[in-house]
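K.L.:
Below is one structure. I have some questions about it.
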2 protein chains.
Amino acid sequence: MNDSTTPPPLDADHPLASGRTAASPLVRAANGQRSERLPVWFMRQAGRSLPEYRAAREGIAMLDSCLRPELAAEITLQPVRRHDVDAAVFFSDIVVPLKLIGEDVDIVPGRGPVFANPVRTPAEARQFAARVRARAEDPTLFAPIDEAVRRTVAELGETPLIGFAGAPFTVAAYVVEGGPSKDHLRTRTLMLAEPDAWLELADAIAQLSGAFLEAQVRAGASVVQLFDSWAGSLSVERYRASVKPSSALALARVHALRTPTGDGVRTIHFGVGTAELLRDMHDAGADVQGVDDRIPLDEASRRLGGTVPLQGNIDPAVLGAGREVREAHVRDVVRRGFDAPAHILNLGHGVPPEADPQVLTDLVTFAHTLRGDVPPER
Amino acid sequence: MNDSTTPPPLDADHPLASGRTAASPLVRAANGQRSERLPVWFMRQAGRSLPEYRAAREGIAMLDSCLRPELAAEITLQPVRRHDVDAAVFFSDIVVPLKLIGEDVDIVPGRGPVFANPVRTPAEARQFAARVRARAEDPTLFAPIDEAVRRTVAELGETPLIGFAGAPFTVAAYVVEGGPSKDHLRTRTLMLAEPDAWLELADAIAQLSGAFLEAQVRAGASVVQLFDSWAGSLSVERYRASVKPSSALALARVHALRTPTGDGVRTIHFGVGTAELLRDMHDAGADVQGVDDRIPLDEASRRLGGTVPLQGNIDPAVLGAGREVREAHVRDVVRRGFDAPAHILNLGHGVPPEADPQVLTDLVTFAHTLRGDVPPER
């Protein structure tokens, strides 16, 4: 991927190329354009909060479900049918690419991704990076992903599919810690103590996450989102020195893709607690900057110079409040979003497992009573 | 506590009153004055990282150990003996006051504080608040704390003891969630959906945390720190509306105290991920603003107008790095700290359980080769 050859264009029947999704409110917003319909979707909309998801997954381990194309497509489509959201987000997990290259990783219910052989020493980091590089460009690697995405977009019609991947730091934090951790201390120590081994590890993961994104786009995703869930645990200085270059590599892989008529694919970049990092995360190559619920969208837009489309940032805590509180909050979020050139409405964090699906549906219905091109009244 | 009567002065033999600790580098720094010796201590210095702590605690449950005065004093003194730090911090836990008023709370190893009866509904919040208010001013409530602190300061000589308590939001997050949680969603929903019940709950906890702080000061603590560990999960707007007033109540309780000669007791206020909240946390009544490792001290000082003494902010991730990386980092932290009127050197977070105690000792030794009144060279 690091040579200068231009990758082949997307297929002529790609949803973006054929124009099927290019005029959708979500893709337009990612291109900085407002539409009458306000585009809305929810991070983690496909998954735990839906009874039909729990039924479909019954008895099937998380990573297995990601690798069964028919099931992954079905789970991806469920929230689109139920909530009338303006995009599907591909049902998968940030560690799926590592599972596909043969790493010993599992997703333990109630805990999260667990690696049997955590990478701790500089030598282990280099060996891990070499294994990743050796496999990342295998053209058959993402076959189950390719099939799942093709099945999904065949059903989606004009609704765009958002592909996604984990950013190198967030994925590396699981690889180094061996599982979820509170402050990713071993990972941050590796960065500081062994910067060269760290960068080798992060760049290899970037290559793999980039390949995962490219596979989803080639199969039919119209937009991608890079999740750097843990980036907020870093200072700006550390983010710039140790994380941003690798994230930029992964995003560049998507920016290199073109439809046969030369149109590009837009990227969204998101992390939690990243109010201090917004500008750097955008600079890493995000067309749309995701914003969590800890900073208002007007302030986020100000920090980005008022020129960057935003995604976010309904506080998931309102999902448990009454309708009046919820709708006043959504109206406020949408109003502040008008400080940016365009806005994709979303939560400021993933859907909580205990969220009431009906509340999410009602929220979409309410959002669609507002307009994407005219600010709501106060 | 909310009436306007002035509380009685501290005892004449209080360490601050007798002048024993008033001239210490730490107390001077809390008063905005620099000393030749750079004051340094570590959050969570008393505890899990020390073998003598694990030996002393063997077979004794965490909350039991907090309530055995001789043991709590011994654990408080251990890191002072070992590391030559410039302050002791009282060994206790933010839920100790709730245990003392009879709430069913336990600290589960590897998990944290767990409440048997989480407070979920507005009615439960009001009942809980009423129970807290009814017991918080019982003069015998803090007898084991009083004895532990008196034993501790009798041994400490000119080294000040820092008392501490949990801020209302962080304590309430455990009470409402029933235990540790990732994003305190139920607590944040209660704030939004039931603001009156929330404020009643938060104010009652503030009263209890304030009484806990006052008990420690009366028994001999020279400075206090209010921990709002989870404050960083809130937007500035939410912090201001729902959290800051209660934290200010707890801190005001300490500011009302005076030595017989009229000197006050200084307060430190700390939370993780609070770069966006520093000014509001200071405004809540902090003499010293604690800063985590995600924002450099010079930038923190700039946000505070350059007038506020700071505490922090060595990245705990350097504890696992080599000596050269560690010392360069500490030197940089100290240099940036000179942008503030005074600086108490500390970690930007608690001591990790797996920290090597010798590294901490070496770090104190190195810090004491620097000066508190002259910036280190670049």
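Quick note on naming: the chains in the structure tokens go A, B, ... in the order shown, residues restart at 1 in each chain, and ligands are numbered from 1 in order of appearance.
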So that I can see what lies close to Ile162 (chain B), please list as a PyMOL selection string the residues with an atom at most 7 Å from it, counting only C-alpha atoms and leaving out residues fewer than 2 positions away in the same chain.
P.N.:
chain B and resi 87-90+160+164+221-225
K.L.:
What does the file look like for those residues with N, CA, C and O atoms, as a PDB file, in the first residue's frame?
P.N.:
```pdb
ATOM      1  N   ALA B  87       4.438  14.911  51.611  1.00  0.00           N
ATOM      2  CA  ALA B  87       3.155  14.885  52.317  1.00  0.00           C
ATOM      3  C   ALA B  87       2.713  13.437  52.448  1.00  0.00           C
ATOM      4  O   ALA B  87       3.049  12.587  51.619  1.00  0.00           O
ATOM      5  N   ALA B  88       1.958  13.178  53.488  1.00  0.00           N
ATOM      6  CA  ALA B  88       1.203  11.929  53.591  1.00  0.00           C
ATOM      7  C   ALA B  88      -0.194  12.217  53.071  1.00  0.00           C
ATOM      8  O   ALA B  88      -0.675  13.344  53.159  1.00  0.00           O
ATOM      9  N   VAL B  89      -0.826  11.205  52.482  1.00  0.00           N
ATOM     10  CA  VAL B  89      -2.243  11.359  52.151  1.00  0.00           C
ATOM     11  C   VAL B  89      -2.979  10.288  52.938  1.00  0.00           C
ATOM     12  O   VAL B  89      -2.560   9.128  52.982  1.00  0.00           O
ATOM     13  N   PHE B  90      -4.037  10.698  53.601  1.00  0.00           N
ATOM     14  CA  PHE B  90      -4.730   9.801  54.518  1.00  0.00           C
ATOM     15  C   PHE B  90      -5.240   8.571  53.789  1.00  0.00           C
ATOM     16  O   PHE B  90      -5.879   8.675  52.742  1.00  0.00           O
ATOM     17  N   PRO B 160       3.249  17.515  56.303  1.00  0.00           N
ATOM     18  CA  PRO B 160       1.797  17.680  56.383  1.00  0.00           C
ATOM     19  C   PRO B 160       1.030  16.428  55.964  1.00  0.00           C
ATOM     20  O   PRO B 160       1.490  15.659  55.117  1.00  0.00           O
ATOM     21  N   PHE B 164      -8.705  13.758  52.557  1.00  0.00           N
ATOM     22  CA  PHE B 164      -9.378  13.730  51.263  1.00  0.00           C
ATOM     23  C   PHE B 164     -10.806  13.229  51.381  1.00  0.00           C
ATOM     24  O   PHE B 164     -11.209  12.629  52.381  1.00  0.00           O
ATOM     25  N   ALA B 221      -5.165  17.130  59.738  1.00  0.00           N
ATOM     26  CA  ALA B 221      -4.771  17.283  58.330  1.00  0.00           C
ATOM     27  C   ALA B 221      -4.511  18.765  58.049  1.00  0.00           C
ATOM     28  O   ALA B 221      -5.233  19.633  58.534  1.00  0.00           O
ATOM     29  N   SER B 222      -3.470  19.052  57.262  1.00  0.00           N
ATOM     30  CA  SER B 222      -3.072  20.436  56.986  1.00  0.00           C
ATOM     31  C   SER B 222      -3.617  20.960  55.665  1.00  0.00           C
ATOM     32  O   SER B 222      -3.647  22.168  55.437  1.00  0.00           O
ATOM     33  N   VAL B 223      -3.978  20.058  54.770  1.00  0.00           N
ATOM     34  CA  VAL B 223      -4.477  20.394  53.433  1.00  0.00           C
ATOM     35  C   VAL B 223      -5.512  19.316  53.129  1.00  0.00           C
ATOM     36  O   VAL B 223      -5.451  18.221  53.697  1.00  0.00           O
ATOM     37  N   VAL B 224      -6.463  19.591  52.231  1.00  0.00           N
ATOM     38  CA  VAL B 224      -7.370  18.519  51.802  1.00  0.00           C
ATOM     39  C   VAL B 224      -7.423  18.462  50.282  1.00  0.00           C
ATOM     40  O   VAL B 224      -7.160  19.449  49.600  1.00  0.00           O
ATOM     41  N   GLN B 225      -7.766  17.282  49.782  1.00  0.00           N
ATOM     42  CA  GLN B 225      -7.993  17.137  48.341  1.00  0.00           C
ATOM     43  C   GLN B 225      -9.372  16.539  48.108  1.00  0.00           C
ATOM     44  O   GLN B 225      -9.733  15.512  48.698  1.00  0.00           O
TER      45      GLN B 225
END
```
K.L.:
May I have a table of the residues of chain A lying at most 10 Å from chain B, giving each one's closest pair of atoms and their distance in Å to one decimal, counting only C-alpha atoms, ordered by chain and ascending residue number, as a Markdown table?
P.N.:
```
| residue | atom | partner | partner_atom | distance |
| --- | --- | --- | --- | --- |
| A:Lys182 | CA | B:Lys182 | CA | 9.1 |
| A:Asp183 | CA | B:Ala317 | CA | 9.3 |
| A:His184 | CA | B:Ala317 | CA | 8.8 |
| A:Leu185 | CA | B:Ala317 | CA | 5.4 |
| A:Arg186 | CA | B:Ala317 | CA | 7.0 |
| A:Thr187 | CA | B:Ala317 | CA | 8.3 |
| A:Arg188 | CA | B:Ala317 | CA | 5.6 |
| A:Thr189 | CA | B:Ala317 | CA | 4.6 |
| A:Leu190 | CA | B:Ala321 | CA | 7.8 |
| A:Met191 | CA | B:Ala317 | CA | 9.0 |
| A:Leu192 | CA | B:Ala321 | CA | 6.9 |
| A:Ala193 | CA | B:Ala321 | CA | 4.9 |
| A:Glu194 | CA | B:Ala321 | CA | 8.4 |
| A:Gly232 | CA | B:Gly273 | CA | 8.0 |
| A:Ser233 | CA | B:Arg294 | CA | 6.9 |
| A:Leu234 | CA | B:Arg294 | CA | 5.6 |
| A:Ser235 | CA | B:Arg294 | CA | 4.0 |
| A:Val236 | CA | B:Arg294 | CA | 7.4 |
| A:Glu237 | CA | B:Ile295 | CA | 8.6 |
| A:Arg238 | CA | B:Arg294 | CA | 8.7 |
| A:Tyr239 | CA | B:Arg294 | CA | 10.0 |
| A:Val272 | CA | B:Ser233 | CA | 9.3 |
| A:Gly273 | CA | B:Gly273 | CA | 7.4 |
| A:Thr274 | CA | B:Gly273 | CA | 9.6 |
| A:Ala275 | CA | B:Glu276 | CA | 7.9 |
| A:Glu276 | CA | B:Ala275 | CA | 7.9 |
| A:Asp292 | CA | B:Ser235 | CA | 9.6 |
| A:Asp293 | CA | B:Ser235 | CA | 7.0 |
| A:Arg294 | CA | B:Ser235 | CA | 4.0 |
| A:Ile295 | CA | B:Ser235 | CA | 5.6 |
| A:Pro296 | CA | B:Ser235 | CA | 7.9 |
| A:Asp315 | CA | B:Arg188 | CA | 9.2 |
| A:Pro316 | CA | B:Leu185 | CA | 7.4 |
| A:Ala317 | CA | B:Thr189 | CA | 4.6 |
| A:Val318 | CA | B:Thr189 | CA | 6.0 |
| A:Leu319 | CA | B:Thr189 | CA | 7.8 |
| A:Gly320 | CA | B:Thr189 | CA | 5.9 |
| A:Ala321 | CA | B:Ala193 | CA | 4.9 |
| A:Gly322 | CA | B:Ala193 | CA | 6.6 |
| A:Arg323 | CA | B:Ala193 | CA | 9.8 |
| A:Glu324 | CA | B:Ala193 | CA | 9.5 |
| A:Val325 | CA | B:Ala193 | CA | 6.8 |
| A:Arg326 | CA | B:Ala193 | CA | 9.0 |
| A:His329 | CA | B:Leu192 | CA | 9.9 |
| A:His349 | CA | B:Asp183 | CA | 9.8 |
| A:Pro352 | CA | B:Leu185 | CA | 8.6 |
```
K.L.:
Residues as selected, C-alpha atoms, written as a short mmCIF file (atom, residue, chain, number, x, y, z; two decimals), in the first residue's frame, can you do that?
P.N.:
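This is the output file part-v5.cif:
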```cif
data_model
loop_
_atom_site.label_atom_id
_atom_site.label_comp_id
_atom_site.auth_asym_id
_atom_site.auth_seq_id
_atom_site.Cartn_x
_atom_site.Cartn_y
_atom_site.Cartn_z
CA LYS A 182 -8.94 1.52 32.10
CA ASP A 183 -6.04 3.68 31.06
CA HIS A 184 -4.04 1.68 28.49
CA LEU A 185 -0.93 2.19 30.58
CA ARG A 186 1.23 -0.52 29.01
CA THR A 187 0.39 0.83 25.56
CA ARG A 188 1.27 4.36 26.56
CA THR A 189 4.50 3.16 28.18
CA LEU A 190 5.46 1.35 24.96
CA MET A 191 4.95 4.60 23.01
CA LEU A 192 7.16 6.54 25.38
CA ALA A 193 9.82 3.95 26.07
CA GLU A 194 10.10 2.29 22.65
CA GLY A 232 -9.16 10.79 24.49
CA SER A 233 -6.80 9.25 27.05
CA LEU A 234 -3.86 10.96 25.33
CA SER A 235 -2.53 14.49 25.46
CA VAL A 236 -2.51 16.41 22.17
CA GLU A 237 1.27 16.21 22.15
CA ARG A 238 1.27 12.41 22.52
CA TYR A 239 -1.54 12.03 19.98
CA VAL A 272 -14.61 9.73 23.16
CA GLY A 273 -13.25 12.58 25.30
CA THR A 274 -11.52 14.13 22.31
CA ALA A 275 -12.54 17.79 22.71
CA GLU A 276 -8.84 18.68 22.90
CA ASP A 292 -18.81 13.09 21.61
CA ASP A 293 -21.36 14.50 24.04
CA ARG A 294 -18.86 16.37 26.22
CA ILE A 295 -18.53 19.43 23.99
CA PRO A 296 -21.33 21.31 22.21
CA ASP A 315 -26.08 12.67 25.01
CA PRO A 316 -26.94 8.96 25.46
CA ALA A 317 -28.07 9.90 28.97
CA VAL A 318 -31.21 11.52 27.48
CA LEU A 319 -32.35 8.15 26.15
CA GLY A 320 -33.46 7.33 29.70
CA ALA A 321 -35.18 10.69 30.26
CA GLY A 322 -38.73 11.71 29.31
CA ARG A 323 -39.77 12.73 25.80
CA GLU A 324 -39.81 16.44 26.58
CA VAL A 325 -36.21 16.46 27.90
CA ARG A 326 -35.08 14.29 24.96
CA HIS A 329 -31.94 18.23 23.82
CA HIS A 349 -21.28 7.71 21.99
CA PRO A 352 -26.11 1.78 25.43
#
```
K.L.:
Taking only C-alpha atoms into account, which of B:Ser209, B:Thr21, B:Gln127, B:Thr361 comes nearest Gln45 (chain B)?
P.N.:
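The shortest atom-to-atom distance to Gln45 (chain B) comes from B:Thr361.
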K.L.:
Once DSSP has gone over the backbone, tell me which residues of region 142-358 of chain A are in strand (DSSP E), as a PyMOL selection string.
P.N.:
chain A and resi 161-166+223-227+266-270+288-290+310-314+343-347
K.L.:
Just the residues within 12 Å of Val149 (chain A), please, counting only C-alpha atoms, with nothing from its chain fewer than 6 positions along; format it as a PyMOL selection string.
P.N.:
chain A and resi 14-15+66-77+88-92+142-143+155-156+160-164+212-222
K.L.:
Apply DSSP to the structure's backbone, then extract all residues of region 46-80 of chain A labelled alpha helix (DSSP H) and return them as a ChimeraX atom specification.
P.N.:
/A:51-57,62-66,69-80
K.L.:
Between CA of Pro353 (chain A) and CA of Arg44 (chain A), what is the distance, to one decimal in Å?
P.N.:
9.0 Å
K.L.:
Hey, can you check how far CA of Leu226 (chain B) sits from CA of Val27 (chain B)?
P.N.:
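Separating CA of Leu226 (chain B) from CA of Val27 (chain B) is a distance of 16.0 Å.
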K.L.:
To one decimal place, how far is CA of Leu251 (chain A) from CA of Asp263 (chain A) in Å?
P.N.:
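Separating CA of Leu251 (chain A) from CA of Asp263 (chain A) is a distance of 16.0 Å.
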K.L.:
Any idea what's packed within 8 Å of Val334 (chain A), counting only C-alpha atoms, ignoring anything in its chain fewer than 2 positions away? Could you give it as a list in words?
P.N.:
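Listing them by chain and then by number gives Val330, Arg331, Asp332, Arg336, Gly337, Phe338, His343, Leu345, Pro375 and Pro376 of chain A.
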K.L.:
Set the distance at 12 Å and use only C-alpha atoms: which residues neighbour Gly179 (chain A) once local chain neighbours fewer than 6 positions away are removed? I'd like the list as a PDB file with C-alpha atoms, in the first residue's frame.
P.N.:
```pdb
ATOM      1  CA  VAL A  95     -10.608  -6.855  16.000  1.00  0.00           C
ATOM      2  CA  ASP A 104      -5.748 -15.644  18.833  1.00  0.00           C
ATOM      3  CA  VAL A 105      -8.442 -13.147  19.767  1.00  0.00           C
ATOM      4  CA  ASP A 106     -11.902 -13.650  21.179  1.00  0.00           C
ATOM      5  CA  ILE A 107     -14.678 -11.352  22.298  1.00  0.00           C
ATOM      6  CA  VAL A 108     -15.636 -12.341  25.824  1.00  0.00           C
ATOM      7  CA  GLY A 110     -19.399  -8.676  29.301  1.00  0.00           C
ATOM      8  CA  ARG A 111     -15.691  -8.003  28.941  1.00  0.00           C
ATOM      9  CA  GLY A 112     -14.687  -7.314  25.331  1.00  0.00           C
ATOM     10  CA  PRO A 113     -11.837  -8.340  23.008  1.00  0.00           C
ATOM     11  CA  VAL A 114      -9.224 -10.540  24.680  1.00  0.00           C
ATOM     12  CA  PHE A 115      -5.892 -11.490  23.100  1.00  0.00           C
ATOM     13  CA  ALA A 116      -4.325 -14.751  24.252  1.00  0.00           C
ATOM     14  CA  ASN A 117      -0.799 -13.456  23.595  1.00  0.00           C
ATOM     15  CA  PRO A 118      -0.524  -9.791  24.493  1.00  0.00           C
ATOM     16  CA  VAL A 119       2.313  -7.882  22.834  1.00  0.00           C
ATOM     17  CA  THR A 170      -7.370   1.787  19.915  1.00  0.00           C
ATOM     18  CA  VAL A 171      -6.699  -1.601  18.282  1.00  0.00           C
ATOM     19  CA  ALA A 172      -3.108  -1.608  19.589  1.00  0.00           C
ATOM     20  CA  ALA A 173      -4.374  -0.859  23.097  1.00  0.00           C
ATOM     21  CA  ARG A 186       1.232  -0.516  29.007  1.00  0.00           C
ATOM     22  CA  THR A 187       0.395   0.832  25.563  1.00  0.00           C
TER      23      THR A 187
END
```
K.L.:
Determine the nearest neighbour of Ala252 (chain A) from the options A:Pro122, A:Pro7, A:Pro309, A:Gly157, counting only C-alpha atoms.
P.N.:
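Counting only C-alpha atoms, the residue closest to Ala252 (chain A) is A:Pro7.
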K.L.:
Using only C-alpha atoms, determine which residues lie at most 10 Å from Thr261 (chain B), disregarding the query and same-chain residues fewer than 4 positions distant; provide the list as number ranges by chain.
P.N.:
B: 9-10, 12, 17-18
K.L.:
Name all residues at most 9 Å from Pro97 (chain B) (count only C-alpha atoms; drop same-chain ones fewer than 3 positions away) and give them as a PyMOL selection string.
P.N.:
chain B and resi 93-94+100-102+136+141-142+165+208-209+211-212
